[in-house]
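Peer 1: Structure in structure tokens, see below.
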Protein chains: 2
Amino acid sequence: MRKPYHTAAFRLTRCLALIQSVGLVLFLSADGACSRTQVAHGPYQEIVRELREAGLAGERGFELLERITSVGPRLTGSPEAAAAVDLSLRLMNEMGFSQVHAEPVEVARWVRGDVAEAVIAASGTRQSIPLSVCALGGSVGTPEGGITAPVVEVRSLDELSLEDRSFEGKIVFFNRPMDRRLTDPFAAYGGAAAPRGGGGAAAARRGAVAVLVRSLTFRVDRNPHTGMMRYDPGVPRIPAAAVSTADAEALSALINKEGDVSVSLRMNCRDMGRVMSANVVGELTGVEFPRQVILLGGHLDSWDLAVGAHDDAAGCVAALEALRLIRELGLRPKRTIRAVLFMDEEFGGTGGRAYVRAPQRKGERHLVAAESDRGGFAPVGLAVGRTILRKVSSYADLFRPLGVSFIVAGGGGVDVAPLIEGGAAPAAVILNAQAYFDVHHSALDVVASVHPRELELQAVILAALAVILAQEGT
Amino acid sequence: MRKPYHTAAFRLTRCLALIQSVGLVLFLSADGACSRTQVAHGPYQEIVRELREAGLAGERGFELLERITSVGPRLTGSPEAAAAVDLSLRLMNEMGFSQVHAEPVEVARWVRGDVAEAVIAASGTRQSIPLSVCALGGSVGTPEGGITAPVVEVRSLDELSLEDRSFEGKIVFFNRPMDRRLTDPFAAYGGAAAPRGGGGAAAARRGAVAVLVRSLTFRVDRNPHTGMMRYDPGVPRIPAAAVSTADAEALSALINKEGDVSVSLRMNCRDMGRVMSANVVGELTGVEFPRQVILLGGHLDSWDLAVGAHDDAAGCVAALEALRLIRELGLRPKRTIRAVLFMDEEFGGTGGRAYVRAPQRKGERHLVAAESDRGGFAPVGLAVGRTILRKVSSYADLFRPLGVSFIVAGGGGVDVAPLIEGGAAPAAVILNAQAYFDVHHSALDVVASVHPRELELQAVILAALAVILAQEGT
């Protein structure tokens, strides 16, 4: 049974807001609700139904996805990322958002270059065998002639530090697969990701000259998956490349069979210093408490092997489309609902930190910071901060018809972490993630891998959550 | 919290069953459980974990899917369906199931032929415009020269019966889209499916000479989606074709613009009488109550425009793979767990009816009849009959790590309907269905549209459900 969440006073507030905005003559029904002949709103049950119908009736979220990805891959600091900032400002203005603006973010610029080659060097009668590799984000390149060295396979960072073998002058090959047996792909990813980020520094500390890291995906195929790696101060910066899972298995089999295997690695990726970029911000300003903010965010930057349709154009679309749906229904909640498209989630997280430091934040209070950064797949649940779990759970009946079968404590993300440290409650739609790492950070993260209805449902859920929290507060 | 579902007696029963089967020397631990050095079982929590890990570790369900679909489309009564029966017997034997056999089913044989053409006939200076169509299952063909007639568009069967326009000599065009605004695609399908099944008979009753039915999918594309249609006794049998959604929209626009539009339809599909086919049955025989059956079923027949990967090779795989997982873990539950691959779900449902009438059913009691016929997508919930809802729900904590976020009353299907009438409790895994009707009954229902892990999870859930119910009874 639905509880009577709505007081007549609340309805009236919203009707009055409408009067202010469009000057409608109101017909109040017996129970104080705005007449249905005037505008499509009423209690939340009705609002959520209308958000759902308006969203699912078309594929406007998917159309937004096509537009955002039309600029190409949006690597932090790249001309395409700059184009995405301009486009996003245009989109927000087209959709009638308020206070649309860019906020500056200083970011790193790194370029992949046009060479990423690895071959198993000839030994005896064996021919050269090419490996499908790509530079990890932030890696230095190799000397122009490449690096040729014997390969040592390890499974983990721990194995590297305990191992009494010598890694001096070697290429360390981290061959740690994601644990397929886990139902949750993110848990499997988390359990296998350490060598990608820290393998280069750890191997360099042991005297290695380069690292090859098995791609983070369940699939056994020839697509390398990139991702960020980080160097440690005082340790040599050695080249770091991801190798496809199929090639990782082949290389491992060869090492097991022949013992001595050398690889030649050649890459011309390089650091280009720092450049200015921006977060893109737009909102539906709250009619009573404009400085109290419900934030819906995604990150505008992507990796550069594809257009980042799932990661994270989908998250940007979810935020934009949620605001569009709310606005087009004529809803004017008490508190501000804001879309923020963060720059540089993938390459340092500077956008999230710049956002909280921006002068515009003065006097603002963020109640909720929802980050959508798990793709555009089918929603299955909702995760929110513990401080709002009880309140959001009391609306479970409204979210269920949108595919939200459970509401749990959780949420968060790189971009909103500084806001959450500052007291905002996190929130995120939980999606079916079985196929996420098939495409994640690889050339497969393309528009065709996103389903229009699945993407739209995420936007509808965020819209419903934002409206309720913007109206009710936390 | 996990409840102590397991008595020492239960554990012992299962250990003894193992002694009988493999003659192991047993080491009982302090609490009476079989020693873990002997065999991988224990309380259900442990069993479910092992089923999950054994399933998700590989892609064996997907490999089964590739094998079943390798025979091609498996239209009821076709040589390919016969080959699928032979292959399924072989697969069940390979996997070590017991009592593997085929049970005869008499089915209709209908062939699509090699012609299905529709063109908007030239009118004035307009050129002929081809429409992408396919015969609906069971339709008669047209005369060899085709049927050319003016088209009348309607939205529903009701509109046809109320309409005072004449349909005499016309082609009736049922242009009812699925309601996109509904979250549940099956609800949208159910709301739009009536013209496909009954439109031909209803239009013939009004004097029409053929029907075109808009394909049942949310997507606007050029793939026609087939499906069964039925004639009424005493009413002329007129040809019935599905038209792709994109062509349905184009045709509708043209009718709106020009009023008078004629279409020429030519098809050489035809009825070929009745032939013998079979259901395929195999089981893990219960060690205490072998005549009490937990049935896991899917349908082996498919439509003929593709290999029916989702519909319903995936359902067959879910049943086969569930039994394989249970067997390979060395589990020997008290009651029989049976896989049944039904013939002819799509073309009359004769397989389900033949199964309950087969002589082998004498003395058997089916406690549960689980039908998997909603594709191979990601599991989100579980639906079971009201009589077992409480019992199954008490194990919710075990199903949750498999992606089952809710357990509700439901289940059922064409094949198991006669069993359920006879008192069996229905059961079904509920899947994310947003993309199901993109491919359903069309040329897009191919192996590549199934995700190996999503398919495997369905099998793991069915295995867990079957083990618990086979052990605990209902």
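Residue numbers start at 1 in each chain; chains themselves are named A, B, ... in the order of the structure tokens; ligands are numbered from 1 in the order shown.
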Neighbours of Asp114 in chain B within 10 Å (only C-alpha atoms; same-chain residues fewer than 3 positions away dropped), as a count of residues only?

Peer 2: 5

Peer 1: Chain B least-squares fit onto chain A, all C-alpha atoms in order: RMSD in Å?

Peer 2: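 C-alpha RMSD after optimal superposition stands at 0.1 Å.
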
Peer 1: When you get a sec, could you note down which chain A residues fall within 9 Å of chain B, using only C-alpha atoms, as a list in words?

Peer 2: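 The selection requested is Arg52, Glu53, Ala54, Gly55, Leu56, Ala57, Gly58, Asp179, Arg180, Arg181, Leu182, Thr183, Asp184, Ala378, Val380, Gly381, Pro401, Leu402, Gly403, Ser405, Phe406, Asn432, Gln434, Ala435, His451, Arg453, Glu454 and Leu457 of chain A.
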
Peer 1: With N, CA and C atoms retained, could you export that selection as a PDB file, in the first residue's frame?

Peer 2:
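Listed below is the output, again_13.pdb:
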```pdb
ATOM      1  N   ARG A  52       8.276   7.733 -15.861  1.00  0.00           N
ATOM      2  CA  ARG A  52       8.498   6.463 -16.555  1.00  0.00           C
ATOM      3  C   ARG A  52       7.896   6.503 -17.965  1.00  0.00           C
ATOM      4  N   GLU A  53       6.665   6.961 -18.050  1.00  0.00           N
ATOM      5  CA  GLU A  53       6.013   6.949 -19.356  1.00  0.00           C
ATOM      6  C   GLU A  53       6.675   7.925 -20.319  1.00  0.00           C
ATOM      7  N   ALA A  54       7.059   9.082 -19.799  1.00  0.00           N
ATOM      8  CA  ALA A  54       7.720  10.062 -20.663  1.00  0.00           C
ATOM      9  C   ALA A  54       9.083   9.548 -21.111  1.00  0.00           C
ATOM     10  N   GLY A  55       9.767   8.864 -20.208  1.00  0.00           N
ATOM     11  CA  GLY A  55      11.086   8.347 -20.560  1.00  0.00           C
ATOM     12  C   GLY A  55      11.004   7.200 -21.539  1.00  0.00           C
ATOM     13  N   LEU A  56      10.238   6.171 -21.173  1.00  0.00           N
ATOM     14  CA  LEU A  56      10.219   4.951 -21.990  1.00  0.00           C
ATOM     15  C   LEU A  56       9.480   5.129 -23.306  1.00  0.00           C
ATOM     16  N   ALA A  57       8.679   6.167 -23.423  1.00  0.00           N
ATOM     17  CA  ALA A  57       7.947   6.380 -24.673  1.00  0.00           C
ATOM     18  C   ALA A  57       8.899   6.573 -25.850  1.00  0.00           C
ATOM     19  N   GLY A  58      10.079   7.114 -25.577  1.00  0.00           N
ATOM     20  CA  GLY A  58      11.018   7.359 -26.677  1.00  0.00           C
ATOM     21  C   GLY A  58      12.394   6.812 -26.378  1.00  0.00           C
ATOM     22  N   ASP A 179      38.423 -13.160 -11.152  1.00  0.00           N
ATOM     23  CA  ASP A 179      37.859 -14.407 -10.636  1.00  0.00           C
ATOM     24  C   ASP A 179      36.437 -14.591 -11.179  1.00  0.00           C
ATOM     25  N   ARG A 180      36.333 -15.470 -12.170  1.00  0.00           N
ATOM     26  CA  ARG A 180      35.053 -15.700 -12.840  1.00  0.00           C
ATOM     27  C   ARG A 180      33.971 -16.224 -11.910  1.00  0.00           C
ATOM     28  N   ARG A 181      34.366 -16.856 -10.824  1.00  0.00           N
ATOM     29  CA  ARG A 181      33.382 -17.552  -9.993  1.00  0.00           C
ATOM     30  C   ARG A 181      32.514 -16.609  -9.180  1.00  0.00           C
ATOM     31  N   LEU A 182      32.930 -15.345  -9.089  1.00  0.00           N
ATOM     32  CA  LEU A 182      32.137 -14.361  -8.353  1.00  0.00           C
ATOM     33  C   LEU A 182      30.965 -13.905  -9.207  1.00  0.00           C
ATOM     34  N   THR A 183      29.803 -13.784  -8.588  1.00  0.00           N
ATOM     35  CA  THR A 183      28.643 -13.300  -9.338  1.00  0.00           C
ATOM     36  C   THR A 183      28.831 -11.845  -9.755  1.00  0.00           C
ATOM     37  N   ASP A 184      29.384 -11.042  -8.855  1.00  0.00           N
ATOM     38  CA  ASP A 184      29.498  -9.605  -9.106  1.00  0.00           C
ATOM     39  C   ASP A 184      30.784  -9.273  -9.857  1.00  0.00           C
ATOM     40  N   ALA A 378      20.877  -2.554 -17.629  1.00  0.00           N
ATOM     41  CA  ALA A 378      19.557  -2.584 -16.994  1.00  0.00           C
ATOM     42  C   ALA A 378      19.658  -2.381 -15.481  1.00  0.00           C
ATOM     43  N   VAL A 380      18.846  -2.758 -11.639  1.00  0.00           N
ATOM     44  CA  VAL A 380      18.296  -3.829 -10.807  1.00  0.00           C
ATOM     45  C   VAL A 380      18.065  -3.365  -9.363  1.00  0.00           C
ATOM     46  N   GLY A 381      18.768  -2.332  -8.933  1.00  0.00           N
ATOM     47  CA  GLY A 381      18.621  -1.891  -7.548  1.00  0.00           C
ATOM     48  C   GLY A 381      19.081  -0.456  -7.382  1.00  0.00           C
ATOM     49  N   PRO A 401       8.406  -0.662  -9.750  1.00  0.00           N
ATOM     50  CA  PRO A 401       7.948  -0.746 -11.152  1.00  0.00           C
ATOM     51  C   PRO A 401       8.970  -0.209 -12.164  1.00  0.00           C
ATOM     52  N   LEU A 402      10.060   0.343 -11.679  1.00  0.00           N
ATOM     53  CA  LEU A 402      11.123   0.812 -12.581  1.00  0.00           C
ATOM     54  C   LEU A 402      12.253  -0.208 -12.675  1.00  0.00           C
ATOM     55  N   GLY A 403      12.071  -1.357 -12.045  1.00  0.00           N
ATOM     56  CA  GLY A 403      13.103  -2.395 -12.093  1.00  0.00           C
ATOM     57  C   GLY A 403      14.020  -2.398 -10.884  1.00  0.00           C
ATOM     58  N   SER A 405      14.703  -3.643  -7.582  1.00  0.00           N
ATOM     59  CA  SER A 405      14.199  -4.725  -6.737  1.00  0.00           C
ATOM     60  C   SER A 405      14.744  -4.664  -5.320  1.00  0.00           C
ATOM     61  N   PHE A 406      15.752  -3.847  -5.083  1.00  0.00           N
ATOM     62  CA  PHE A 406      16.280  -3.734  -3.719  1.00  0.00           C
ATOM     63  C   PHE A 406      16.931  -2.359  -3.553  1.00  0.00           C
ATOM     64  N   ASN A 432      22.696  -4.326 -13.899  1.00  0.00           N
ATOM     65  CA  ASN A 432      23.196  -5.643 -14.273  1.00  0.00           C
ATOM     66  C   ASN A 432      24.556  -5.447 -14.929  1.00  0.00           C
ATOM     67  N   GLN A 434      26.929  -7.886 -15.808  1.00  0.00           N
ATOM     68  CA  GLN A 434      27.615  -9.081 -16.321  1.00  0.00           C
ATOM     69  C   GLN A 434      28.438  -8.792 -17.573  1.00  0.00           C
ATOM     70  N   ALA A 435      27.985  -7.859 -18.402  1.00  0.00           N
ATOM     71  CA  ALA A 435      28.699  -7.592 -19.648  1.00  0.00           C
ATOM     72  C   ALA A 435      29.598  -6.355 -19.562  1.00  0.00           C
ATOM     73  N   HIS A 451      21.753  -0.462 -24.582  1.00  0.00           N
ATOM     74  CA  HIS A 451      20.356  -0.696 -24.968  1.00  0.00           C
ATOM     75  C   HIS A 451      19.513   0.529 -24.598  1.00  0.00           C
ATOM     76  N   ARG A 453      16.397   1.191 -23.935  1.00  0.00           N
ATOM     77  CA  ARG A 453      15.449   1.129 -22.816  1.00  0.00           C
ATOM     78  C   ARG A 453      16.172   0.959 -21.480  1.00  0.00           C
ATOM     79  N   GLU A 454      17.245   0.201 -21.485  1.00  0.00           N
ATOM     80  CA  GLU A 454      17.983   0.010 -20.241  1.00  0.00           C
ATOM     81  C   GLU A 454      18.577   1.339 -19.779  1.00  0.00           C
ATOM     82  N   LEU A 457      15.785   3.687 -18.451  1.00  0.00           N
ATOM     83  CA  LEU A 457      15.302   3.331 -17.110  1.00  0.00           C
ATOM     84  C   LEU A 457      16.200   3.925 -16.023  1.00  0.00           C
TER      85      LEU A 457
END
```

Peer 1: Please run DSSP on the backbone and report, as number ranges by chain, all residues within range 59-222 of chain A that come out as strand (DSSP E or B).

Peer 2: A: 98-111, 116-120, 129-131, 133-135, 137, 147-154, 171-174, 210-214

Peer 1: Would you save the residues of that selection, restricted to C-alpha atoms, as a short mmCIF file (atom, residue, chain, number, x, y, z; two decimals), in the first residue's frame?

Peer 2:
```cif
data_model
loop_
_atom_site.label_atom_id
_atom_site.label_comp_id
_atom_site.auth_asym_id
_atom_site.auth_seq_id
_atom_site.Cartn_x
_atom_site.Cartn_y
_atom_site.Cartn_z
CA SER A 98 19.42 26.91 -15.57
CA GLN A 99 22.82 28.25 -14.52
CA VAL A 100 24.54 26.37 -17.31
CA HIS A 101 28.27 26.94 -17.14
CA ALA A 102 31.70 25.33 -17.25
CA GLU A 103 34.01 25.30 -14.24
CA PRO A 104 37.74 25.13 -14.95
CA VAL A 105 39.76 22.03 -14.13
CA GLU A 106 43.48 21.66 -14.71
CA VAL A 107 44.19 18.21 -16.02
CA ALA A 108 47.03 16.08 -17.31
CA ARG A 109 47.34 15.56 -21.02
CA TRP A 110 48.77 12.26 -22.17
CA VAL A 111 48.73 10.90 -25.68
CA ALA A 116 51.85 0.00 -29.44
CA GLU A 117 53.49 -3.21 -30.52
CA ALA A 118 54.68 -6.27 -28.71
CA VAL A 119 56.07 -9.44 -30.19
CA ILE A 120 57.37 -12.59 -28.67
CA ILE A 129 54.39 -13.89 -32.45
CA PRO A 130 52.58 -10.55 -32.15
CA LEU A 131 50.76 -9.74 -28.92
CA VAL A 133 48.70 -4.68 -26.44
CA CYS A 134 47.93 -1.07 -25.62
CA ALA A 135 49.66 1.42 -23.37
CA GLY A 137 47.13 5.40 -19.22
CA ILE A 147 62.65 -2.74 -25.28
CA THR A 148 63.51 -6.40 -25.67
CA ALA A 149 63.87 -8.45 -22.54
CA PRO A 150 63.07 -11.84 -21.00
CA VAL A 151 59.59 -12.11 -19.54
CA VAL A 152 58.86 -13.21 -15.97
CA GLU A 153 55.25 -14.13 -15.20
CA VAL A 154 53.70 -13.36 -11.82
CA ILE A 171 59.71 -7.51 -18.40
CA VAL A 172 57.29 -8.45 -15.63
CA PHE A 173 54.09 -10.03 -16.92
CA PHE A 174 51.20 -9.73 -14.44
CA ALA A 210 58.73 -2.82 -18.49
CA VAL A 211 55.47 -4.48 -17.48
CA LEU A 212 52.76 -6.31 -19.38
CA VAL A 213 49.46 -6.52 -17.52
CA ARG A 214 46.67 -8.96 -18.39
#
```

Peer 1: Between CA of Asp415 in chain B and CA of Ile238 in chain B, what is the distance in Å, rounded to a tenth?

Peer 2: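 These atoms are spaced 28.3 Å apart.
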
Peer 1: Please indicate the distance in Å from CA of Ser372 in chain A to CA of Ala240 in chain A, rounded to one decimal place.

Peer 2: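 About the pair CA of Ser372 in chain A and CA of Ala240 in chain A: they are 28.7 Å apart.
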